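Structure data (CSV, C-alpha atoms) from upload_31.csv:
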```csv
chain,number,residue,atom,x,y,z
E,1,MET,CA,-4.9,-20.2,-10.4
E,2,TYR,CA,-6.8,-18.9,-7.5
E,3,LYS,CA,-6.9,-20.2,-3.9
E,4,THR,CA,-8.5,-19.3,-0.6
E,5,PHE,CA,-6.3,-19.8,2.5
E,6,GLN,CA,-7.5,-20.1,6.0
E,7,LEU,CA,-5.6,-19.3,9.2
E,8,LYS,CA,-6.3,-18.9,12.9
E,9,THR,CA,-4.7,-16.0,14.6
E,10,GLU,CA,-3.7,-16.3,18.3
E,11,ALA,CA,-3.3,-12.8,19.6
E,12,HIS,CA,-5.0,-9.4,19.4
E,13,ASP,CA,-2.1,-8.1,17.2
E,14,GLN,CA,0.0,-10.6,15.3
E,15,MET,CA,2.2,-10.8,12.2
E,16,ILE,CA,2.2,-14.3,10.8
E,17,ASP,CA,4.7,-15.2,8.1
E,18,ILE,CA,2.8,-16.8,5.2
E,19,THR,CA,5.6,-16.7,2.7
E,20,SER,CA,6.3,-20.5,2.6
E,21,GLU,CA,2.6,-21.3,2.4
E,22,VAL,CA,2.2,-19.1,-0.7
E,23,GLN,CA,5.4,-20.3,-2.2
E,24,SER,CA,4.3,-23.9,-1.8
E,25,TRP,CA,1.1,-23.2,-3.6
E,26,ILE,CA,3.0,-21.5,-6.5
E,27,SER,CA,5.3,-24.5,-6.8
E,28,GLU,CA,2.3,-26.9,-6.9
E,29,GLN,CA,0.9,-24.8,-9.8
E,30,GLY,CA,4.2,-25.2,-11.7
E,31,VAL,CA,4.2,-21.5,-12.5
E,32,GLU,CA,7.6,-20.2,-13.6
E,33,ASP,CA,7.0,-16.4,-14.2
E,34,GLY,CA,4.4,-13.9,-13.3
E,35,ILE,CA,3.0,-12.2,-10.3
E,36,VAL,CA,1.0,-13.3,-7.3
E,37,ILE,CA,-1.6,-11.0,-5.7
E,38,VAL,CA,-2.4,-11.9,-2.1
E,39,SER,CA,-5.3,-10.2,-0.4
E,40,SER,CA,-6.9,-10.2,3.1
E,41,MET,CA,-10.6,-10.7,3.1
E,42,HIS,CA,-11.0,-8.5,6.2
E,43,THR,CA,-11.0,-4.9,7.2
E,44,THR,CA,-9.2,-5.3,10.5
E,45,ALA,CA,-6.4,-7.5,9.2
E,46,GLY,CA,-4.0,-6.7,6.3
E,47,LEU,CA,-0.8,-7.8,4.6
E,48,THR,CA,2.7,-6.5,4.5
E,49,VAL,CA,6.1,-7.4,3.3
E,50,ASN,CA,8.8,-6.9,6.0
E,51,GLU,CA,11.7,-8.5,7.8
E,52,ASN,CA,11.7,-12.3,8.3
E,53,ALA,CA,14.9,-12.6,10.4
E,54,ASP,CA,14.8,-10.9,13.8
E,55,PRO,CA,11.4,-11.5,15.4
E,56,ASP,CA,11.9,-8.3,17.5
E,57,VAL,CA,11.1,-6.3,14.3
E,58,LYS,CA,7.5,-7.7,14.5
E,59,THR,CA,7.3,-7.0,18.2
E,60,ASP,CA,8.5,-3.4,17.7
E,61,MET,CA,6.2,-2.8,14.7
E,62,LEU,CA,3.1,-4.1,16.5
E,63,ARG,CA,4.0,-2.0,19.5
E,64,ARG,CA,4.6,1.2,17.5
E,65,PHE,CA,1.3,0.6,15.6
E,66,ARG,CA,-0.5,0.4,18.9
E,67,GLU,CA,1.1,3.7,20.1
E,68,MET,CA,0.2,5.4,16.8
E,69,TYR,CA,-3.3,4.1,16.7
E,70,PRO,CA,-4.5,3.8,20.4
E,71,TRP,CA,-7.3,1.2,20.8
E,72,GLU,CA,-9.2,3.5,23.2
E,73,ASP,CA,-10.0,6.9,21.7
E,74,SER,CA,-13.0,8.8,23.2
E,75,LYS,CA,-13.5,10.6,19.9
E,76,ASP,CA,-14.2,7.3,18.0
E,77,GLU,CA,-17.8,6.9,16.9
E,78,HIS,CA,-17.6,3.4,15.6
E,79,ALA,CA,-19.6,1.3,18.1
E,80,GLU,CA,-17.6,-1.8,17.6
E,81,GLY,CA,-14.6,0.0,19.1
E,82,ASN,CA,-12.0,-1.3,16.7
E,83,THR,CA,-11.3,1.8,14.6
E,84,ALA,CA,-7.6,1.4,15.4
E,85,ALA,CA,-7.6,-1.9,13.6
E,86,HIS,CA,-9.2,-0.3,10.5
E,87,MET,CA,-6.5,2.4,10.5
E,88,LYS,CA,-3.7,-0.2,10.7
E,89,THR,CA,-5.2,-2.2,7.9
E,90,SER,CA,-5.4,0.8,5.6
E,91,THR,CA,-1.9,1.8,6.5
E,92,VAL,CA,-0.2,-1.6,5.7
E,93,GLY,CA,-2.7,-2.4,2.9
E,94,HIS,CA,-5.3,-5.2,2.4
E,95,ALA,CA,-3.2,-6.8,-0.4
E,96,GLN,CA,0.3,-7.2,-1.6
E,97,ASN,CA,1.9,-8.2,-4.9
E,98,ILE,CA,5.0,-10.3,-5.3
E,99,LEU,CA,6.8,-11.1,-8.5
E,100,ILE,CA,7.5,-14.7,-9.5
E,101,SER,CA,10.6,-15.6,-11.4
E,102,ASP,CA,12.0,-19.1,-12.1
E,103,GLY,CA,9.2,-20.5,-10.0
E,104,GLN,CA,10.2,-18.5,-6.9
E,105,LEU,CA,8.7,-15.5,-5.2
E,106,VAL,CA,11.1,-12.6,-5.9
E,107,LEU,CA,11.9,-11.4,-2.4
E,108,GLY,CA,15.1,-9.9,-0.9
E,109,THR,CA,17.1,-11.8,1.6
E,110,TRP,CA,15.2,-10.4,4.6
E,111,GLN,CA,11.8,-10.0,3.0
E,112,GLY,CA,8.8,-12.1,4.1
E,113,LEU,CA,5.1,-11.8,3.5
E,114,TYR,CA,3.0,-11.3,6.6
E,115,PHE,CA,-0.6,-11.6,7.4
E,116,CYS,CA,-1.2,-8.8,10.0
E,117,GLU,CA,-3.9,-9.5,12.5
E,118,PHE,CA,-5.0,-6.3,14.2
E,119,ASP,CA,-8.2,-7.4,16.0
E,120,GLY,CA,-7.8,-11.0,16.9
E,121,PRO,CA,-7.7,-13.7,17.8
E,122,ARG,CA,-10.0,-14.9,15.0
E,123,ASN,CA,-10.4,-17.3,12.1
E,124,ARG,CA,-9.2,-15.4,9.0
E,125,LYS,CA,-9.1,-15.9,5.3
E,126,PHE,CA,-6.8,-14.6,2.5
E,127,VAL,CA,-6.9,-15.2,-1.2
E,128,ALA,CA,-4.3,-15.4,-3.8
E,129,ARG,CA,-4.2,-15.3,-7.6
E,130,ILE,CA,-1.3,-15.9,-10.0
E,131,VAL,CA,-1.3,-13.7,-13.1
K,1,MET,CA,9.7,-9.0,-19.2
K,2,TYR,CA,11.5,-8.7,-15.9
K,3,LYS,CA,14.3,-6.5,-14.8
K,4,THR,CA,16.5,-5.9,-11.8
K,5,PHE,CA,17.5,-2.2,-11.3
K,6,GLN,CA,20.3,-1.1,-9.1
K,7,LEU,CA,20.7,2.3,-7.4
K,8,LYS,CA,22.9,4.0,-4.8
K,9,THR,CA,21.2,6.1,-2.3
K,10,GLU,CA,23.0,9.1,-0.8
K,11,ALA,CA,21.3,10.0,2.4
K,12,HIS,CA,19.7,8.4,5.4
K,13,ASP,CA,16.2,9.3,4.2
K,14,GLN,CA,15.7,10.0,0.5
K,15,MET,CA,13.0,9.8,-2.2
K,16,ILE,CA,14.5,9.1,-5.6
K,17,ASP,CA,12.3,9.6,-8.7
K,18,ILE,CA,12.6,6.4,-10.8
K,19,THR,CA,9.8,7.1,-13.2
K,20,SER,CA,11.8,7.8,-16.2
K,21,GLU,CA,14.1,4.8,-15.7
K,22,VAL,CA,11.1,2.5,-15.5
K,23,GLN,CA,9.4,4.2,-18.5
K,24,SER,CA,12.6,3.8,-20.6
K,25,TRP,CA,12.6,0.1,-19.9
K,26,ILE,CA,8.9,-0.2,-20.8
K,27,SER,CA,9.6,1.6,-24.0
K,28,GLU,CA,12.5,-0.7,-24.8
K,29,GLN,CA,10.2,-3.7,-24.4
K,30,GLY,CA,7.8,-2.2,-26.9
K,31,VAL,CA,4.8,-2.9,-24.5
K,32,GLU,CA,1.7,-1.0,-25.4
K,33,ASP,CA,-0.8,-2.0,-22.7
K,34,GLY,CA,-0.6,-3.7,-19.3
K,35,ILE,CA,0.6,-3.0,-15.9
K,36,VAL,CA,4.0,-2.8,-14.3
K,37,ILE,CA,4.7,-4.0,-10.8
K,38,VAL,CA,7.8,-2.5,-9.2
K,39,SER,CA,9.1,-3.9,-6.0
K,40,SER,CA,11.8,-3.0,-3.5
K,41,MET,CA,14.0,-5.9,-2.5
K,42,HIS,CA,14.5,-4.5,1.0
K,43,THR,CA,12.7,-4.1,4.3
K,44,THR,CA,14.0,-0.6,5.1
K,45,ALA,CA,13.3,1.0,1.7
K,46,GLY,CA,10.0,1.1,-0.1
K,47,LEU,CA,8.2,2.6,-3.0
K,48,THR,CA,5.5,5.2,-3.4
K,49,VAL,CA,3.8,7.3,-6.0
K,50,ASN,CA,3.7,11.0,-5.1
K,51,GLU,CA,4.3,14.6,-6.3
K,52,ASN,CA,7.1,15.1,-8.9
K,53,ALA,CA,6.9,18.9,-9.1
K,54,ASP,CA,7.9,20.8,-6.0
K,55,PRO,CA,10.8,19.1,-4.3
K,56,ASP,CA,9.7,20.5,-1.0
K,57,VAL,CA,7.0,17.9,-0.9
K,58,LYS,CA,9.7,15.2,-0.5
K,59,THR,CA,11.4,17.3,2.1
K,60,ASP,CA,8.2,17.6,4.1
K,61,MET,CA,7.3,14.0,3.7
K,62,LEU,CA,10.6,12.7,4.9
K,63,ARG,CA,10.6,15.1,7.9
K,64,ARG,CA,7.0,14.1,8.8
K,65,PHE,CA,7.9,10.5,8.6
K,66,ARG,CA,10.8,11.1,10.9
K,67,GLU,CA,8.6,12.8,13.4
K,68,MET,CA,6.0,10.0,13.3
K,69,TYR,CA,8.5,7.2,13.5
K,70,PRO,CA,11.4,8.5,15.7
K,71,TRP,CA,14.7,6.8,15.0
K,72,GLU,CA,15.5,6.5,18.7
K,73,ASP,CA,12.9,4.8,20.8
K,74,SER,CA,13.9,3.2,24.1
K,75,LYS,CA,11.1,0.7,23.8
K,76,ASP,CA,12.4,-0.8,20.5
K,77,GLU,CA,13.9,-4.3,21.0
K,78,HIS,CA,15.3,-4.8,17.5
K,79,ALA,CA,19.1,-4.7,18.1
K,80,GLU,CA,19.9,-3.2,14.7
K,81,GLY,CA,18.1,-0.1,15.8
K,82,ASN,CA,16.3,0.7,12.6
K,83,THR,CA,12.7,-0.2,13.5
K,84,ALA,CA,11.6,3.2,12.3
K,85,ALA,CA,12.8,2.3,8.8
K,86,HIS,CA,10.8,-0.9,8.9
K,87,MET,CA,7.7,1.1,9.9
K,88,LYS,CA,8.1,3.5,7.1
K,89,THR,CA,8.6,0.8,4.6
K,90,SER,CA,5.3,-1.0,5.6
K,91,THR,CA,3.5,2.4,5.6
K,92,VAL,CA,4.4,3.3,2.0
K,93,GLY,CA,4.6,-0.2,0.8
K,94,HIS,CA,7.4,-2.4,-0.7
K,95,ALA,CA,5.8,-2.4,-4.1
K,96,GLN,CA,3.6,-0.3,-6.4
K,97,ASN,CA,1.6,-1.0,-9.6
K,98,ILE,CA,1.3,1.4,-12.4
K,99,LEU,CA,-1.0,0.9,-15.5
K,100,ILE,CA,0.5,1.1,-19.0
K,101,SER,CA,-1.5,2.5,-21.9
K,102,ASP,CA,-0.2,3.4,-25.4
K,103,GLY,CA,3.2,2.5,-24.2
K,104,GLN,CA,3.2,5.0,-21.4
K,105,LEU,CA,2.9,4.8,-17.6
K,106,VAL,CA,-0.6,6.0,-16.7
K,107,LEU,CA,0.3,8.7,-14.2
K,108,GLY,CA,-1.4,12.0,-13.4
K,109,THR,CA,0.3,15.3,-14.2
K,110,TRP,CA,2.0,15.5,-10.8
K,111,GLN,CA,2.6,11.8,-10.1
K,112,GLY,CA,6.0,10.3,-10.0
K,113,LEU,CA,7.3,6.9,-8.8
K,114,TYR,CA,9.8,7.1,-6.0
K,115,PHE,CA,12.2,4.7,-4.4
K,116,CYS,CA,12.1,5.6,-0.7
K,117,GLU,CA,15.3,5.1,1.2
K,118,PHE,CA,14.7,5.0,4.9
K,119,ASP,CA,18.0,3.6,6.2
K,120,GLY,CA,20.8,4.8,3.9
K,121,PRO,CA,23.0,5.5,2.3
K,122,ARG,CA,23.3,2.1,0.7
K,123,ASN,CA,23.4,0.1,-2.5
K,124,ARG,CA,19.8,-0.9,-3.3
K,125,LYS,CA,17.9,-3.0,-5.8
K,126,PHE,CA,14.4,-3.0,-7.1
K,127,VAL,CA,12.7,-5.3,-9.6
K,128,ALA,CA,10.0,-4.8,-12.1
K,129,ARG,CA,7.8,-7.0,-14.2
K,130,ILE,CA,5.3,-6.1,-16.9
K,131,VAL,CA,2.1,-8.2,-17.1
J,1,MET,CA,-9.9,-3.4,-20.8
J,2,TYR,CA,-9.0,0.0,-19.5
J,3,LYS,CA,-11.2,2.8,-18.3
J,4,THR,CA,-11.0,6.3,-16.9
J,5,PHE,CA,-13.6,7.2,-14.2
J,6,GLN,CA,-14.5,10.7,-13.2
J,7,LEU,CA,-15.9,11.8,-9.8
J,8,LYS,CA,-16.6,15.0,-8.0
J,9,THR,CA,-15.7,15.1,-4.3
J,10,GLU,CA,-17.8,17.2,-1.9
J,11,ALA,CA,-15.6,17.7,1.1
J,12,HIS,CA,-12.1,18.4,2.1
J,13,ASP,CA,-11.6,14.8,3.4
J,14,GLN,CA,-14.0,12.2,2.1
J,15,MET,CA,-14.0,8.4,1.5
J,16,ILE,CA,-16.3,7.5,-1.5
J,17,ASP,CA,-17.3,3.9,-2.1
J,18,ILE,CA,-16.5,3.1,-5.7
J,19,THR,CA,-17.0,-0.7,-5.4
J,20,SER,CA,-20.2,-0.9,-7.4
J,21,GLU,CA,-19.0,1.4,-10.1
J,22,VAL,CA,-15.9,-0.8,-10.7
J,23,GLN,CA,-18.0,-4.0,-10.4
J,24,SER,CA,-20.5,-2.7,-13.0
J,25,TRP,CA,-17.7,-2.0,-15.5
J,26,ILE,CA,-16.1,-5.5,-14.9
J,27,SER,CA,-19.6,-7.0,-15.5
J,28,GLU,CA,-19.9,-5.1,-18.7
J,29,GLN,CA,-16.6,-6.4,-19.9
J,30,GLY,CA,-17.7,-10.0,-19.3
J,31,VAL,CA,-14.5,-10.8,-17.5
J,32,GLU,CA,-14.8,-14.0,-15.4
J,33,ASP,CA,-11.4,-14.2,-13.7
J,34,GLY,CA,-8.3,-12.0,-13.2
J,35,ILE,CA,-7.4,-8.9,-11.3
J,36,VAL,CA,-8.4,-5.3,-11.5
J,37,ILE,CA,-5.9,-2.5,-10.7
J,38,VAL,CA,-7.5,0.7,-9.8
J,39,SER,CA,-5.4,3.8,-9.5
J,40,SER,CA,-5.9,7.5,-8.4
J,41,MET,CA,-4.5,10.0,-10.9
J,42,HIS,CA,-3.6,12.4,-8.1
J,43,THR,CA,-1.1,12.9,-5.3
J,44,THR,CA,-3.5,14.3,-2.7
J,45,ALA,CA,-6.2,11.5,-3.2
J,46,GLY,CA,-5.6,7.8,-2.8
J,47,LEU,CA,-7.5,4.5,-2.7
J,48,THR,CA,-8.1,2.0,0.1
J,49,VAL,CA,-10.1,-1.1,0.9
J,50,ASN,CA,-11.9,-0.8,4.2
J,51,GLU,CA,-15.3,-1.3,5.9
J,52,ASN,CA,-18.4,-0.7,3.9
J,53,ALA,CA,-21.0,-1.2,6.7
J,54,ASP,CA,-20.9,1.4,9.5
J,55,PRO,CA,-20.3,4.9,8.1
J,56,ASP,CA,-18.8,5.8,11.4
J,57,VAL,CA,-15.6,3.9,10.4
J,58,LYS,CA,-15.1,6.4,7.6
J,59,THR,CA,-15.7,9.3,10.0
J,60,ASP,CA,-13.3,7.9,12.5
J,61,MET,CA,-10.6,7.1,10.0
J,62,LEU,CA,-10.7,10.6,8.4
J,63,ARG,CA,-10.6,12.2,11.8
J,64,ARG,CA,-7.6,10.0,13.0
J,65,PHE,CA,-5.8,10.8,9.8
J,66,ARG,CA,-6.3,14.5,10.4
J,67,GLU,CA,-4.9,14.1,13.9
J,68,MET,CA,-1.9,12.2,12.7
J,69,TYR,CA,-1.2,14.5,9.8
J,70,PRO,CA,-2.1,18.0,10.9
J,71,TRP,CA,-3.0,20.3,8.1
J,72,GLU,CA,-1.1,23.3,9.6
J,73,ASP,CA,2.5,22.5,10.4
J,74,SER,CA,4.9,25.4,10.7
J,75,LYS,CA,7.8,23.2,9.6
J,76,ASP,CA,6.3,22.4,6.2
J,77,GLU,CA,8.1,24.0,3.3
J,78,HIS,CA,5.7,23.1,0.5
J,79,ALA,CA,4.1,26.4,-0.5
J,80,GLU,CA,0.8,24.9,-1.5
J,81,GLY,CA,0.2,24.0,2.1
J,82,ASN,CA,-1.2,20.5,1.5
J,83,THR,CA,1.7,18.3,2.7
J,84,ALA,CA,-0.7,16.5,5.0
J,85,ALA,CA,-2.7,15.3,2.0
J,86,HIS,CA,0.4,14.0,0.3
J,87,MET,CA,1.3,12.0,3.5
J,88,LYS,CA,-2.2,10.5,3.7
J,89,THR,CA,-2.1,9.5,0.0
J,90,SER,CA,1.2,7.7,0.4
J,91,THR,CA,-0.1,6.0,3.6
J,92,VAL,CA,-3.2,4.5,2.1
J,93,GLY,CA,-1.6,4.2,-1.4
J,94,HIS,CA,-2.4,5.6,-4.8
J,95,ALA,CA,-3.7,2.3,-6.2
J,96,GLN,CA,-5.3,-1.0,-5.1
J,97,ASN,CA,-5.6,-4.4,-6.6
J,98,ILE,CA,-8.7,-6.6,-6.3
J,99,LEU,CA,-9.0,-10.2,-7.5
J,100,ILE,CA,-11.9,-11.1,-9.8
J,101,SER,CA,-13.5,-14.6,-9.6
J,102,ASP,CA,-16.6,-15.8,-11.4
J,103,GLY,CA,-17.1,-12.2,-12.6
J,104,GLN,CA,-17.2,-10.7,-9.2
J,105,LEU,CA,-14.7,-8.7,-7.2
J,106,VAL,CA,-13.3,-10.9,-4.5
J,107,LEU,CA,-14.0,-8.9,-1.4
J,108,GLY,CA,-14.9,-10.0,2.2
J,109,THR,CA,-18.3,-9.3,3.6
J,110,TRP,CA,-17.3,-5.9,5.0
J,111,GLN,CA,-14.8,-4.8,2.4
J,112,GLY,CA,-15.4,-1.9,0.0
J,113,LEU,CA,-13.1,0.0,-2.3
J,114,TYR,CA,-12.9,3.7,-1.5
J,115,PHE,CA,-11.6,6.7,-3.3
J,116,CYS,CA,-10.0,8.8,-0.6
J,117,GLU,CA,-10.1,12.6,-1.1
J,118,PHE,CA,-7.6,14.4,1.1
J,119,ASP,CA,-7.6,17.9,-0.4
J,120,GLY,CA,-11.1,18.5,-1.8
J,121,PRO,CA,-13.6,19.3,-2.9
J,122,ARG,CA,-12.3,18.8,-6.5
J,123,ASN,CA,-13.0,17.0,-9.8
J,124,ARG,CA,-11.0,13.8,-9.7
J,125,LYS,CA,-10.1,10.9,-11.9
J,126,PHE,CA,-9.1,7.3,-11.4
J,127,VAL,CA,-8.2,4.6,-13.8
J,128,ALA,CA,-8.7,0.9,-13.9
J,129,ARG,CA,-7.3,-2.0,-15.9
J,130,ILE,CA,-8.3,-5.6,-15.9
J,131,VAL,CA,-5.5,-8.2,-16.3
```
Give the structure from the file, written as structure tokens.
Amino acid sequence: MYKTFQLKTEAHDQMIDITSEVQSWISEQGVEDGIVIVSSMHTTAGLTVNENADPDVKTDMLRRFREMYPWEDSKDEHAEGNTAAHMKTSTVGHAQNILISDGQLVLGTWQGLYFCEFDGPRNRKFVARIV
Amino acid sequence: MYKTFQLKTEAHDQMIDITSEVQSWISEQGVEDGIVIVSSMHTTAGLTVNENADPDVKTDMLRRFREMYPWEDSKDEHAEGNTAAHMKTSTVGHAQNILISDGQLVLGTWQGLYFCEFDGPRNRKFVARIV
Amino acid sequence: MYKTFQLKTEAHDQMIDITSEVQSWISEQGVEDGIVIVSSMHTTAGLTVNENADPDVKTDMLRRFREMYPWEDSKDEHAEGNTAAHMKTSTVGHAQNILISDGQLVLGTWQGLYFCEFDGPRNRKFVARIV
């Protein structure tokens, strides 16, 4: 039970809710209990679990991440110029685990799983495996 | 092998050692080898593995997190005013994995598993599954 | 399928690519599909997945982490003086999961698994389990 998902991001920084897409796949597999590991295939885009209600949380988080990790930094040596995106990816993590119980992702009322684009827009991939 | 744990936090920011509670449950299950995934059910409280010896480490970490993510930020748009707690949760992570070997959590001498409250005090929940 | 790995770090801050070492062990086990959980046994050294191509990314990341978490901080109470290393470890995480498919770690073209030393040089250990 392994799947590659594709998505197209539309901004330089973006948090895209992928909860329902992952849940749909789990439901199709008929899995009742276990865990799902979801992993970005990139080093400038990660995954996080955070609030799925007020979209201002995403706006604030992306802005605060930009302030913490300025895109322009004269001390950066990486020629591609996207060190900030690498920092953000390691901060949120490249992968997340979510428990599955009774066929459903075990998430709190306000929790959603987000694909975090930090150097877009681009075509991106993430993978998932149920254990 | 799945359990929901409840706890009551007592401060706005707090790191609560839940290692022995999780270990006790694993021992009750009679599991010898595997992994346990422990997950916060909240978006303003996460989990981390860090030092279990000198309590000053927790004090310093919570203070440094407050400095990095100021609670008051005039640019925040989220009306609930707790964007800083969302940032901290995505930074430490909503969930952690720990290996199990010979019935014991595989942790280094100084490692403990902490529930990290970032917007308390509140009644909180976390879940765990052994795979 | 559980193994303890040893390594000797050579600098105060260092990111060491352990991808091929972990892949070799998985290949020896003959595992085709699953996940591997890799975990640092320390609270001042973590693990992250990030770029494996341009070594300047590591240089930039370690420098930016030093700027974000200054080693000297007069407000720190932890007598050992390495609170910055504890912060970095909780930021990147003590453990990472990687999917396995067709006997190979499922990583993007530019992804590598790094052991992150934040208070070296030291003799260090990490553990891995395949599920």
field: chain J residues near chain K (10 Å cut-off, only C-alpha atoms) as a PyMOL selection string
entry: chain J and resi 1-2+37-44+46+68-69+73+75-84+86-97+125-131
Now that the selection is made, can you save its residues with C-alpha atoms as a PDB file, keeping the file's coordinate frame?
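Okay, again08.pdb is ready:
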```pdb
ATOM      1  CA  MET J   1      -9.900  -3.400 -20.800  1.00  0.00           C
ATOM      2  CA  TYR J   2      -9.000   0.000 -19.500  1.00  0.00           C
ATOM      3  CA  ILE J  37      -5.900  -2.500 -10.700  1.00  0.00           C
ATOM      4  CA  VAL J  38      -7.500   0.700  -9.800  1.00  0.00           C
ATOM      5  CA  SER J  39      -5.400   3.800  -9.500  1.00  0.00           C
ATOM      6  CA  SER J  40      -5.900   7.500  -8.400  1.00  0.00           C
ATOM      7  CA  MET J  41      -4.500  10.000 -10.900  1.00  0.00           C
ATOM      8  CA  HIS J  42      -3.600  12.400  -8.100  1.00  0.00           C
ATOM      9  CA  THR J  43      -1.100  12.900  -5.300  1.00  0.00           C
ATOM     10  CA  THR J  44      -3.500  14.300  -2.700  1.00  0.00           C
ATOM     11  CA  GLY J  46      -5.600   7.800  -2.800  1.00  0.00           C
ATOM     12  CA  MET J  68      -1.900  12.200  12.700  1.00  0.00           C
ATOM     13  CA  TYR J  69      -1.200  14.500   9.800  1.00  0.00           C
ATOM     14  CA  ASP J  73       2.500  22.500  10.400  1.00  0.00           C
ATOM     15  CA  LYS J  75       7.800  23.200   9.600  1.00  0.00           C
ATOM     16  CA  ASP J  76       6.300  22.400   6.200  1.00  0.00           C
ATOM     17  CA  GLU J  77       8.100  24.000   3.300  1.00  0.00           C
ATOM     18  CA  HIS J  78       5.700  23.100   0.500  1.00  0.00           C
ATOM     19  CA  ALA J  79       4.100  26.400  -0.500  1.00  0.00           C
ATOM     20  CA  GLU J  80       0.800  24.900  -1.500  1.00  0.00           C
ATOM     21  CA  GLY J  81       0.200  24.000   2.100  1.00  0.00           C
ATOM     22  CA  ASN J  82      -1.200  20.500   1.500  1.00  0.00           C
ATOM     23  CA  THR J  83       1.700  18.300   2.700  1.00  0.00           C
ATOM     24  CA  ALA J  84      -0.700  16.500   5.000  1.00  0.00           C
ATOM     25  CA  HIS J  86       0.400  14.000   0.300  1.00  0.00           C
ATOM     26  CA  MET J  87       1.300  12.000   3.500  1.00  0.00           C
ATOM     27  CA  LYS J  88      -2.200  10.500   3.700  1.00  0.00           C
ATOM     28  CA  THR J  89      -2.100   9.500   0.000  1.00  0.00           C
ATOM     29  CA  SER J  90       1.200   7.700   0.400  1.00  0.00           C
ATOM     30  CA  THR J  91      -0.100   6.000   3.600  1.00  0.00           C
ATOM     31  CA  VAL J  92      -3.200   4.500   2.100  1.00  0.00           C
ATOM     32  CA  GLY J  93      -1.600   4.200  -1.400  1.00  0.00           C
ATOM     33  CA  HIS J  94      -2.400   5.600  -4.800  1.00  0.00           C
ATOM     34  CA  ALA J  95      -3.700   2.300  -6.200  1.00  0.00           C
ATOM     35  CA  GLN J  96      -5.300  -1.000  -5.100  1.00  0.00           C
ATOM     36  CA  ASN J  97      -5.600  -4.400  -6.600  1.00  0.00           C
ATOM     37  CA  LYS J 125     -10.100  10.900 -11.900  1.00  0.00           C
ATOM     38  CA  PHE J 126      -9.100   7.300 -11.400  1.00  0.00           C
ATOM     39  CA  VAL J 127      -8.200   4.600 -13.800  1.00  0.00           C
ATOM     40  CA  ALA J 128      -8.700   0.900 -13.900  1.00  0.00           C
ATOM     41  CA  ARG J 129      -7.300  -2.000 -15.900  1.00  0.00           C
ATOM     42  CA  ILE J 130      -8.300  -5.600 -15.900  1.00  0.00           C
ATOM     43  CA  VAL J 131      -5.500  -8.200 -16.300  1.00  0.00           C
TER      44      VAL J 131
END
```
message: Counting all atoms listed in the file, which residues sit no farther than 9 Å from the position (-21.2, 3.8, -1.6) in the file's frame? I'd like them as a list in words.
response: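 Final list of nearby residues, as requested, is Ile16, Asp17, Ile18, Thr19, Ser20, Asn52, Gly112, Leu113 and Tyr114 of chain J.
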field: Exercise: J:Gln14 partners within 9 Å, only C-alpha atoms, chain neighbours under 3 positions left out, as an NGL selection string
entry: :J and (9-11 or 58-59 or 62 or 115-121)
query: In Å, how far is it from atom CA of K:Glu28 to atom CA of K:Phe5?
result: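 According to the coordinates, atom CA of K:Glu28 and atom CA of K:Phe5 are separated by 14.5 Å.
Here atom CA of J:Glu21 stands at a distance of 19.0 Å from atom CA of J:Arg122.
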field: Atom pair atom CA of E:Leu7 / atom CA of E:Asp102: separation (Å)
entry: 27.6 Å
How would stretch 5-14 of chain E look with N, CA and C atoms restored, written as an mmCIF file, in the coordinates of the input?
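What landed in rebuild-v1.cif:
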```
data_model
loop_
_atom_site.group_PDB
_atom_site.id
_atom_site.type_symbol
_atom_site.label_atom_id
_atom_site.label_comp_id
_atom_site.auth_asym_id
_atom_site.auth_seq_id
_atom_site.Cartn_x
_atom_site.Cartn_y
_atom_site.Cartn_z
ATOM 1 N N PHE E 5 -7.017 -19.280 1.360
ATOM 2 C CA PHE E 5 -6.300 -19.800 2.500
ATOM 3 C C PHE E 5 -6.974 -19.468 3.784
ATOM 4 N N GLN E 6 -6.915 -20.360 4.743
ATOM 5 C CA GLN E 6 -7.500 -20.100 6.000
ATOM 6 C C GLN E 6 -6.394 -20.074 7.105
ATOM 7 N N LEU E 7 -6.556 -19.237 8.081
ATOM 8 C CA LEU E 7 -5.600 -19.300 9.200
ATOM 9 C C LEU E 7 -6.333 -18.857 10.475
ATOM 10 N N LYS E 8 -5.766 -19.269 11.598
ATOM 11 C CA LYS E 8 -6.300 -18.900 12.900
ATOM 12 C C LYS E 8 -5.272 -18.106 13.623
ATOM 13 N N THR E 9 -5.635 -16.870 13.938
ATOM 14 C CA THR E 9 -4.700 -16.000 14.600
ATOM 15 C C THR E 9 -4.812 -16.284 16.149
ATOM 16 N N GLU E 10 -3.774 -15.932 16.883
ATOM 17 C CA GLU E 10 -3.700 -16.300 18.300
ATOM 18 C C GLU E 10 -3.535 -15.172 19.263
ATOM 19 N N ALA E 11 -3.539 -13.959 18.746
ATOM 20 C CA ALA E 11 -3.300 -12.800 19.600
ATOM 21 C C ALA E 11 -4.153 -11.637 19.063
ATOM 22 N N HIS E 12 -4.230 -10.573 19.850
ATOM 23 C CA HIS E 12 -5.000 -9.400 19.400
ATOM 24 C C HIS E 12 -4.259 -8.749 18.209
ATOM 25 N N ASP E 13 -2.948 -8.611 18.315
ATOM 26 C CA ASP E 13 -2.100 -8.100 17.200
ATOM 27 C C ASP E 13 -1.076 -9.180 16.921
ATOM 28 N N GLN E 14 -0.895 -9.490 15.653
ATOM 29 C CA GLN E 14 0.000 -10.600 15.300
ATOM 30 C C GLN E 14 0.446 -10.475 13.867
#
```
